[in-house]
Amino acid sequence: MPRRKVSVIGAGNVGATTAQRIAEAGLADVVLVDIIEGLPQGKGLDLAEAAPVVGHDARIVGSNGYEETANSDIVVVTSGLARQPGMSRDDLLAKNAGIVRSVVRDAARRSPDAVLIVVTNPLDAMCHVAKDASGFPRERVIGMAGILDSARFRTFIAWELGVSVEDTHAFVLGGHGDTMVPLPRYSTVAGIPITELLPTERIEALVQRTRDGGAEIVALLKSGSAYYAPAAAVAEMVDAILHDRGRVLPCAAYLQGEYGVDGLFVGVPCVLGEGGLQRVLEIRLSGEEAVAFRKSADAVRELVDKLQAMPVV
Ligand SMILES: NC(=O)c1ccc[n+]([C@@H]2O[C@H](COP(=O)([O-])OP(=O)(O)OC[C@H]3O[C@@H](n4cnc5c(N)ncnc54)[C@H](O)[C@@H]3O)[C@@H](O)[C@H]2O)c1
């Protein structure tokens, strides 16, 4: 089997940690790219020098250019500015759109068959930028958000009930952030819906903590935002795609009529395998859930419209 290659654009906290997870799990060779001179090379070398101790044979290189990224199987886009305390995801819109547009153009030209995994915030809007800039079909442009949001929800549920995170599953729909839609009736512990195990007010408190999960970490760190859990989520997507696992994972996908939404990236359950997005799973939403989902999709639409009205940088 030929060696697989994943390029990670942005060698900051999320990018470098993603590179580490991919290499250490033996998923693929990694090319780390950043605009800052020496940063991707230094982190790449450091990661490569950990290989003998950790025990993997992944090749890791860092670069300020895109030559080395040629023929990547997957390109992960983490380049951009991270949220600072008090800064909303929307504030990042214009700056990160310019960055994502330029890096995706450069990377897509050299890896025309790659699957793009978008991480940069505001996530759903950046997925649109990546899709436009690459010209890739929807199967090959996927946003990472739902795995992180549901991992946070899973963590809080497991803590609340004193059970293993392994037996705890959570279901989160909608856009990344304030309008995400956690679905408690599909969130389970060993198959038991949490609505059977916890009173409504406790579930609501866990849902709210999940919604604020990103901001909670930003407030603690003071500078920068979460990266260990986001990197783990990206690595799970990479594994699903490279190993054609058919994993069902909540991701931002470009909807074409599913859930009554057309031409918009929104978080939904996706089947990920060879080639990227293989299918969107549709479930029937209750009245209240459908309203929350529509509200979430409207928030994404508003951001995308704002983006389209902005001058191209
Ligand atoms: N989708 C999610 O759930 C999720 C989770 C965590 C972080 N994020 C987002 O991911 C992004 C990265 O977060 P981080 O913590 O790694 O930030 P970071 O500041 O640590 O790293 C970002 C890196 O991007 C680089 N960069 C900027 N412009 C570039 C360009 N034109 N070409 C190449 N590299 C460039 C910077 O030099 C920096 O090293 C942010 O937008 C953040 O909000 C999203």
# chains A, B, ... in the order shown; residues from 1 in each chain; ligands from 1

$ select_by_dssp --residues "region 13-242 of chain A" --states "strand (DSSP E)" --output "NGL selection string"
:A and (29-33 or 60-63 or 74-77 or 115-118 or 141-143 or 168-169 or 172-173 or 181-182 or 188-189 or 192-193)

$ write_last_selection --atoms "N, CA, C and O atoms" --output "compact mmCIF listing (two decimals), in the first residue's frame"
# COMPACT_ATOMS: atom_id res chain seq x y z
N ASP A 29 1.95 9.97 6.70
CA ASP A 29 3.03 10.96 6.77
C ASP A 29 2.37 12.33 6.89
O ASP A 29 1.23 12.52 6.41
N VAL A 30 3.09 13.26 7.50
CA VAL A 30 2.47 14.58 7.73
C VAL A 30 3.37 15.70 7.20
O VAL A 30 4.58 15.69 7.42
N VAL A 31 2.75 16.63 6.48
CA VAL A 31 3.43 17.86 6.08
C VAL A 31 2.76 19.00 6.84
O VAL A 31 1.54 19.17 6.76
N LEU A 32 3.57 19.72 7.58
CA LEU A 32 3.05 20.81 8.40
C LEU A 32 3.44 22.13 7.72
O LEU A 32 4.62 22.36 7.44
N VAL A 33 2.46 22.97 7.45
CA VAL A 33 2.74 24.23 6.73
C VAL A 33 2.29 25.41 7.57
O VAL A 33 1.21 25.38 8.16
N ILE A 60 7.59 13.21 9.01
CA ILE A 60 6.97 14.52 9.29
C ILE A 60 7.92 15.61 8.80
O ILE A 60 9.10 15.61 9.18
N VAL A 61 7.42 16.49 7.96
CA VAL A 61 8.24 17.62 7.54
C VAL A 61 7.46 18.91 7.71
O VAL A 61 6.23 18.91 7.65
N GLY A 62 8.20 19.99 7.91
CA GLY A 62 7.56 21.30 8.02
C GLY A 62 8.01 22.17 6.86
O GLY A 62 9.12 22.00 6.34
N SER A 63 7.14 23.12 6.45
CA SER A 63 7.48 23.95 5.32
C SER A 63 6.72 25.27 5.37
O SER A 63 5.64 25.35 5.96
N ILE A 74 -5.31 13.95 2.32
CA ILE A 74 -6.17 14.84 3.11
C ILE A 74 -5.41 16.13 3.39
O ILE A 74 -4.20 16.10 3.64
N VAL A 75 -6.11 17.25 3.32
CA VAL A 75 -5.54 18.53 3.73
C VAL A 75 -6.40 19.06 4.88
O VAL A 75 -7.61 19.22 4.73
N VAL A 76 -5.77 19.29 6.01
CA VAL A 76 -6.48 19.82 7.19
C VAL A 76 -6.17 21.31 7.28
O VAL A 76 -5.00 21.70 7.31
N VAL A 77 -7.19 22.13 7.31
CA VAL A 77 -6.99 23.58 7.33
C VAL A 77 -7.23 24.14 8.75
O VAL A 77 -8.37 24.19 9.21
N VAL A 115 -9.16 15.22 0.23
CA VAL A 115 -10.33 15.59 1.03
C VAL A 115 -9.88 16.75 1.93
O VAL A 115 -8.83 16.67 2.56
N LEU A 116 -10.67 17.81 1.96
CA LEU A 116 -10.35 18.96 2.82
C LEU A 116 -11.11 18.83 4.13
O LEU A 116 -12.34 18.65 4.11
N ILE A 117 -10.40 18.92 5.23
CA ILE A 117 -11.06 18.99 6.54
C ILE A 117 -10.82 20.40 7.08
O ILE A 117 -9.67 20.81 7.28
N VAL A 118 -11.89 21.13 7.26
CA VAL A 118 -11.77 22.53 7.68
C VAL A 118 -11.96 22.62 9.19
O VAL A 118 -12.88 22.00 9.74
N VAL A 141 -15.22 18.24 1.02
CA VAL A 141 -15.04 19.41 1.90
C VAL A 141 -15.91 19.18 3.14
O VAL A 141 -17.14 19.20 3.06
N ILE A 142 -15.25 18.94 4.27
CA ILE A 142 -15.99 18.58 5.49
C ILE A 142 -15.45 19.42 6.64
O ILE A 142 -14.24 19.62 6.77
N GLY A 143 -16.35 19.89 7.48
CA GLY A 143 -15.92 20.71 8.61
C GLY A 143 -15.91 19.91 9.91
O GLY A 143 -16.79 19.09 10.16
N THR A 168 -20.60 6.37 26.75
CA THR A 168 -21.45 7.57 26.65
C THR A 168 -21.40 8.12 25.23
O THR A 168 -20.32 8.41 24.71
N HIS A 169 -22.56 8.25 24.61
CA HIS A 169 -22.62 8.79 23.26
C HIS A 169 -23.52 10.01 23.24
O HIS A 169 -24.48 10.08 24.01
N VAL A 172 -25.20 15.73 18.45
CA VAL A 172 -25.27 17.19 18.34
C VAL A 172 -25.45 17.57 16.88
O VAL A 172 -24.73 17.08 16.02
N LEU A 173 -26.42 18.42 16.62
CA LEU A 173 -26.68 18.87 15.25
C LEU A 173 -26.41 20.37 15.15
O LEU A 173 -26.20 21.04 16.15
N VAL A 181 -27.25 22.31 18.34
CA VAL A 181 -28.48 21.69 18.82
C VAL A 181 -28.16 20.29 19.39
O VAL A 181 -28.19 19.30 18.66
N PRO A 182 -27.86 20.20 20.69
CA PRO A 182 -27.65 18.87 21.26
C PRO A 182 -29.01 18.16 21.37
O PRO A 182 -30.00 18.78 21.72
N THR A 188 -26.92 8.91 24.70
CA THR A 188 -27.18 7.69 25.46
C THR A 188 -25.99 7.23 26.31
O THR A 188 -24.85 7.57 26.02
N VAL A 189 -26.32 6.44 27.33
CA VAL A 189 -25.29 5.73 28.09
C VAL A 189 -25.61 4.24 27.91
O VAL A 189 -26.68 3.79 28.33
N ILE A 192 -28.99 3.67 26.70
CA ILE A 192 -30.12 4.24 27.45
C ILE A 192 -30.13 5.75 27.23
O ILE A 192 -29.14 6.43 27.55
N PRO A 193 -31.22 6.31 26.72
CA PRO A 193 -31.26 7.77 26.52
C PRO A 193 -31.05 8.49 27.85
O PRO A 193 -31.59 8.05 28.88

$ residues_around --residues "Asp124 (chain A)" --least-positions-apart "6" --cutoff "9 Å" --atoms "only C-alpha atoms" --output "PyMOL selection string"
chain A and resi 118+143+145+175-176+252-253+264-267+300+303-304

$ write_last_selection --atoms "all heavy atoms" --output "PDB file, in the first residue's frame"
ATOM      1  N   VAL A 118     -11.890  21.133   7.255  1.00  0.00           N
ATOM      2  CA  VAL A 118     -11.774  22.529   7.677  1.00  0.00           C
ATOM      3  C   VAL A 118     -11.957  22.615   9.190  1.00  0.00           C
ATOM      4  O   VAL A 118     -12.883  21.999   9.742  1.00  0.00           O
ATOM      5  CB  VAL A 118     -12.838  23.392   6.959  1.00  0.00           C
ATOM      6  CG1 VAL A 118     -12.711  24.857   7.375  1.00  0.00           C
ATOM      7  CG2 VAL A 118     -12.713  23.245   5.445  1.00  0.00           C
ATOM      8  N   GLY A 143     -16.349  19.886   7.478  1.00  0.00           N
ATOM      9  CA  GLY A 143     -15.924  20.708   8.611  1.00  0.00           C
ATOM     10  C   GLY A 143     -15.912  19.911   9.914  1.00  0.00           C
ATOM     11  O   GLY A 143     -16.790  19.087  10.164  1.00  0.00           O
ATOM     12  N   ALA A 145     -16.456  20.006  13.757  1.00  0.00           N
ATOM     13  CA  ALA A 145     -17.053  20.764  14.857  1.00  0.00           C
ATOM     14  C   ALA A 145     -17.898  19.843  15.721  1.00  0.00           C
ATOM     15  O   ALA A 145     -17.735  19.793  16.937  1.00  0.00           O
ATOM     16  CB  ALA A 145     -17.912  21.909  14.332  1.00  0.00           C
ATOM     17  N   GLY A 175     -25.107  24.286  13.589  1.00  0.00           N
ATOM     18  CA  GLY A 175     -23.861  25.025  13.421  1.00  0.00           C
ATOM     19  C   GLY A 175     -22.988  24.885  14.654  1.00  0.00           C
ATOM     20  O   GLY A 175     -23.463  24.495  15.726  1.00  0.00           O
ATOM     21  N   HIS A 176     -21.699  25.211  14.501  1.00  0.00           N
ATOM     22  CA  HIS A 176     -20.753  25.141  15.596  1.00  0.00           C
ATOM     23  C   HIS A 176     -20.947  26.372  16.462  1.00  0.00           C
ATOM     24  O   HIS A 176     -21.006  27.474  15.956  1.00  0.00           O
ATOM     25  CB  HIS A 176     -19.341  25.126  15.004  1.00  0.00           C
ATOM     26  CG  HIS A 176     -18.265  24.955  16.013  1.00  0.00           C
ATOM     27  ND1 HIS A 176     -18.346  24.104  17.082  1.00  0.00           N
ATOM     28  CD2 HIS A 176     -17.040  25.530  16.098  1.00  0.00           C
ATOM     29  CE1 HIS A 176     -17.228  24.156  17.768  1.00  0.00           C
ATOM     30  NE2 HIS A 176     -16.418  25.016  17.197  1.00  0.00           N
ATOM     31  N   ALA A 252     -19.655  19.080   9.795  1.00  0.00           N
ATOM     32  CA  ALA A 252     -20.331  20.077   8.965  1.00  0.00           C
ATOM     33  C   ALA A 252     -20.270  19.602   7.521  1.00  0.00           C
ATOM     34  O   ALA A 252     -19.188  19.384   6.970  1.00  0.00           O
ATOM     35  CB  ALA A 252     -19.647  21.424   9.122  1.00  0.00           C
ATOM     36  N   ALA A 253     -21.428  19.419   6.919  1.00  0.00           N
ATOM     37  CA  ALA A 253     -21.506  18.956   5.527  1.00  0.00           C
ATOM     38  C   ALA A 253     -22.345  19.942   4.730  1.00  0.00           C
ATOM     39  O   ALA A 253     -23.239  20.607   5.281  1.00  0.00           O
ATOM     40  CB  ALA A 253     -22.129  17.566   5.476  1.00  0.00           C
ATOM     41  N   LEU A 264     -25.941  24.906   2.050  1.00  0.00           N
ATOM     42  CA  LEU A 264     -25.390  25.455   3.288  1.00  0.00           C
ATOM     43  C   LEU A 264     -24.647  24.355   4.062  1.00  0.00           C
ATOM     44  O   LEU A 264     -25.102  23.211   4.094  1.00  0.00           O
ATOM     45  CB  LEU A 264     -26.557  25.964   4.134  1.00  0.00           C
ATOM     46  CG  LEU A 264     -26.285  27.046   5.166  1.00  0.00           C
ATOM     47  CD1 LEU A 264     -25.779  28.325   4.505  1.00  0.00           C
ATOM     48  CD2 LEU A 264     -27.559  27.354   5.951  1.00  0.00           C
ATOM     49  N   PHE A 265     -23.517  24.730   4.678  1.00  0.00           N
ATOM     50  CA  PHE A 265     -22.813  23.789   5.560  1.00  0.00           C
ATOM     51  C   PHE A 265     -23.451  23.846   6.946  1.00  0.00           C
ATOM     52  O   PHE A 265     -23.502  24.917   7.566  1.00  0.00           O
ATOM     53  CB  PHE A 265     -21.335  24.165   5.693  1.00  0.00           C
ATOM     54  CG  PHE A 265     -20.471  23.645   4.588  1.00  0.00           C
ATOM     55  CD1 PHE A 265     -20.245  24.396   3.448  1.00  0.00           C
ATOM     56  CD2 PHE A 265     -19.875  22.389   4.677  1.00  0.00           C
ATOM     57  CE1 PHE A 265     -19.434  23.917   2.420  1.00  0.00           C
ATOM     58  CE2 PHE A 265     -19.066  21.898   3.663  1.00  0.00           C
ATOM     59  CZ  PHE A 265     -18.849  22.668   2.526  1.00  0.00           C
ATOM     60  N   VAL A 266     -23.924  22.712   7.421  1.00  0.00           N
ATOM     61  CA  VAL A 266     -24.484  22.637   8.771  1.00  0.00           C
ATOM     62  C   VAL A 266     -24.060  21.290   9.363  1.00  0.00           C
ATOM     63  O   VAL A 266     -23.849  20.314   8.628  1.00  0.00           O
ATOM     64  CB  VAL A 266     -26.031  22.739   8.767  1.00  0.00           C
ATOM     65  CG1 VAL A 266     -26.548  22.904  10.199  1.00  0.00           C
ATOM     66  CG2 VAL A 266     -26.536  23.902   7.929  1.00  0.00           C
ATOM     67  N   GLY A 267     -23.961  21.228  10.665  1.00  0.00           N
ATOM     68  CA  GLY A 267     -23.556  19.993  11.338  1.00  0.00           C
ATOM     69  C   GLY A 267     -24.659  18.944  11.309  1.00  0.00           C
ATOM     70  O   GLY A 267     -25.775  19.201  11.777  1.00  0.00           O
ATOM     71  N   VAL A 300     -25.997  30.306  10.401  1.00  0.00           N
ATOM     72  CA  VAL A 300     -24.916  30.024   9.446  1.00  0.00           C
ATOM     73  C   VAL A 300     -25.166  30.823   8.167  1.00  0.00           C
ATOM     74  O   VAL A 300     -24.260  31.470   7.627  1.00  0.00           O
ATOM     75  CB  VAL A 300     -24.838  28.518   9.111  1.00  0.00           C
ATOM     76  CG1 VAL A 300     -23.756  28.265   8.070  1.00  0.00           C
ATOM     77  CG2 VAL A 300     -24.566  27.690  10.363  1.00  0.00           C
ATOM     78  N   LEU A 303     -24.178  34.403   8.430  1.00  0.00           N
ATOM     79  CA  LEU A 303     -22.727  34.576   8.380  1.00  0.00           C
ATOM     80  C   LEU A 303     -22.208  34.452   6.945  1.00  0.00           C
ATOM     81  O   LEU A 303     -21.336  35.211   6.515  1.00  0.00           O
ATOM     82  CB  LEU A 303     -22.094  33.494   9.266  1.00  0.00           C
ATOM     83  CG  LEU A 303     -20.910  33.859  10.122  1.00  0.00           C
ATOM     84  CD1 LEU A 303     -21.158  35.100  10.932  1.00  0.00           C
ATOM     85  CD2 LEU A 303     -20.564  32.696  11.053  1.00  0.00           C
ATOM     86  N   VAL A 304     -22.763  33.487   6.229  1.00  0.00           N
ATOM     87  CA  VAL A 304     -22.328  33.271   4.842  1.00  0.00           C
ATOM     88  C   VAL A 304     -22.730  34.471   3.990  1.00  0.00           C
ATOM     89  O   VAL A 304     -21.942  34.942   3.150  1.00  0.00           O
ATOM     90  CB  VAL A 304     -22.921  31.957   4.288  1.00  0.00           C
ATOM     91  CG1 VAL A 304     -22.643  31.817   2.794  1.00  0.00           C
ATOM     92  CG2 VAL A 304     -22.353  30.762   5.036  1.00  0.00           C
TER      93      VAL A 304
END

$ residues_near_ligand --ligand "ligand 1" --cutoff "8 Å" --atoms "only C-alpha atoms and all ligand atoms" --output "JSON, numbers by chain"
{"A": [9, 10, 11, 12, 13, 14, 15, 16, 33, 34, 35, 36, 39, 64, 78, 79, 80, 81, 82, 83, 89, 92, 96, 99, 100, 102, 103, 118, 119, 120, 121, 122, 123, 143, 144, 145, 146, 148, 149, 176, 214, 224, 225, 226, 227, 229, 230, 231]}

$ atom_distance --atom1 "CA of Leu206 (chain A)" --atom2 "CA of Arg185 (chain A)"
13.7 Å

$ atom_distance --atom1 "CA of Ile283 (chain A)" --atom2 "CA of Pro250 (chain A)"
12.7 Å

$ atom_distance --atom1 "CA of Arg59 (chain A)" --atom2 "CA of Asp73 (chain A)"
14.6 Å

$ residues_around --residues "region 237-249 of chain A" --least-positions-apart "5" --cutoff "6 Å" --atoms "only C-alpha atoms" --output "ChimeraX atom specification"
/A:269-274,276

$ residues_around --residues "Arg209 (chain A)" --least-positions-apart "4" --cutoff "12 Å" --atoms "only C-alpha atoms" --output "NGL selection string"
:A and (149-150 or 152-157 or 177-178 or 180 or 182 or 202-205 or 213-217)

$ write_last_selection --atoms "N, CA and C atoms" --output "PDB file, in the first residue's frame"
ATOM      1  N   ASP A 149     -17.973  19.147  19.722  1.00  0.00           N
ATOM      2  CA  ASP A 149     -19.127  19.540  20.537  1.00  0.00           C
ATOM      3  C   ASP A 149     -19.718  18.320  21.246  1.00  0.00           C
ATOM      4  N   SER A 150     -19.825  17.209  20.517  1.00  0.00           N
ATOM      5  CA  SER A 150     -20.429  16.040  21.166  1.00  0.00           C
ATOM      6  C   SER A 150     -19.451  15.386  22.148  1.00  0.00           C
ATOM      7  N   ARG A 152     -17.514  17.061  24.075  1.00  0.00           N
ATOM      8  CA  ARG A 152     -17.688  17.853  25.311  1.00  0.00           C
ATOM      9  C   ARG A 152     -18.955  17.397  26.039  1.00  0.00           C
ATOM     10  N   PHE A 153     -20.025  17.242  25.293  1.00  0.00           N
ATOM     11  CA  PHE A 153     -21.291  16.798  25.892  1.00  0.00           C
ATOM     12  C   PHE A 153     -21.101  15.417  26.544  1.00  0.00           C
ATOM     13  N   ARG A 154     -20.409  14.520  25.837  1.00  0.00           N
ATOM     14  CA  ARG A 154     -20.156  13.172  26.373  1.00  0.00           C
ATOM     15  C   ARG A 154     -19.380  13.240  27.684  1.00  0.00           C
ATOM     16  N   THR A 155     -18.371  14.110  27.703  1.00  0.00           N
ATOM     17  CA  THR A 155     -17.552  14.248  28.904  1.00  0.00           C
ATOM     18  C   THR A 155     -18.420  14.665  30.090  1.00  0.00           C
ATOM     19  N   PHE A 156     -19.263  15.681  29.860  1.00  0.00           N
ATOM     20  CA  PHE A 156     -20.070  16.209  30.965  1.00  0.00           C
ATOM     21  C   PHE A 156     -21.118  15.191  31.420  1.00  0.00           C
ATOM     22  N   ILE A 157     -21.690  14.443  30.469  1.00  0.00           N
ATOM     23  CA  ILE A 157     -22.678  13.411  30.833  1.00  0.00           C
ATOM     24  C   ILE A 157     -22.001  12.321  31.675  1.00  0.00           C
ATOM     25  N   GLY A 177     -21.077  26.191  17.754  1.00  0.00           N
ATOM     26  CA  GLY A 177     -21.141  27.351  18.625  1.00  0.00           C
ATOM     27  C   GLY A 177     -22.477  27.541  19.306  1.00  0.00           C
ATOM     28  N   ASP A 178     -22.799  28.818  19.472  1.00  0.00           N
ATOM     29  CA  ASP A 178     -23.939  29.160  20.318  1.00  0.00           C
ATOM     30  C   ASP A 178     -25.248  28.523  19.871  1.00  0.00           C
ATOM     31  N   MET A 180     -25.655  25.565  18.364  1.00  0.00           N
ATOM     32  CA  MET A 180     -25.655  24.115  18.134  1.00  0.00           C
ATOM     33  C   MET A 180     -26.846  23.468  18.856  1.00  0.00           C
ATOM     34  N   PRO A 182     -27.863  20.201  20.692  1.00  0.00           N
ATOM     35  CA  PRO A 182     -27.653  18.867  21.264  1.00  0.00           C
ATOM     36  C   PRO A 182     -29.006  18.159  21.365  1.00  0.00           C
ATOM     37  N   ARG A 202     -30.957  19.075  34.925  1.00  0.00           N
ATOM     38  CA  ARG A 202     -29.528  18.705  34.867  1.00  0.00           C
ATOM     39  C   ARG A 202     -29.083  18.582  33.404  1.00  0.00           C
ATOM     40  N   ILE A 203     -29.965  17.990  32.585  1.00  0.00           N
ATOM     41  CA  ILE A 203     -29.623  17.865  31.154  1.00  0.00           C
ATOM     42  C   ILE A 203     -29.443  19.261  30.557  1.00  0.00           C
ATOM     43  N   GLU A 204     -30.352  20.157  30.915  1.00  0.00           N
ATOM     44  CA  GLU A 204     -30.242  21.523  30.371  1.00  0.00           C
ATOM     45  C   GLU A 204     -28.938  22.193  30.794  1.00  0.00           C
ATOM     46  N   ALA A 205     -28.522  21.931  32.033  1.00  0.00           N
ATOM     47  CA  ALA A 205     -27.264  22.524  32.505  1.00  0.00           C
ATOM     48  C   ALA A 205     -26.069  21.962  31.717  1.00  0.00           C
ATOM     49  N   GLY A 213     -18.773  25.483  25.747  1.00  0.00           N
ATOM     50  CA  GLY A 213     -17.541  24.706  25.953  1.00  0.00           C
ATOM     51  C   GLY A 213     -16.295  25.388  25.430  1.00  0.00           C
ATOM     52  N   GLY A 214     -16.383  25.986  24.249  1.00  0.00           N
ATOM     53  CA  GLY A 214     -15.228  26.674  23.671  1.00  0.00           C
ATOM     54  C   GLY A 214     -14.858  27.888  24.509  1.00  0.00           C
ATOM     55  N   ALA A 215     -15.874  28.664  24.873  1.00  0.00           N
ATOM     56  CA  ALA A 215     -15.643  29.899  25.635  1.00  0.00           C
ATOM     57  C   ALA A 215     -15.085  29.584  27.021  1.00  0.00           C
ATOM     58  N   GLU A 216     -15.505  28.468  27.614  1.00  0.00           N
ATOM     59  CA  GLU A 216     -15.020  28.091  28.952  1.00  0.00           C
ATOM     60  C   GLU A 216     -13.500  27.903  28.912  1.00  0.00           C
ATOM     61  N   ILE A 217     -13.027  27.274  27.849  1.00  0.00           N
ATOM     62  CA  ILE A 217     -11.584  27.023  27.750  1.00  0.00           C
ATOM     63  C   ILE A 217     -10.837  28.310  27.402  1.00  0.00           C
TER      64      ILE A 217
END

$ select_by_dssp --residues "region 93-221 of chain A" --states "alpha helix (DSSP H)" --output "ChimeraX atom specification"
/A:93-110,123-134,146-161,200-211,213-221

$ closest_residue --among "A:Ala290, A:Ala23, A:Ala70, A:Val280" --to "Glu49 (chain A)" --atoms "only C-alpha atoms"
A:Ala23
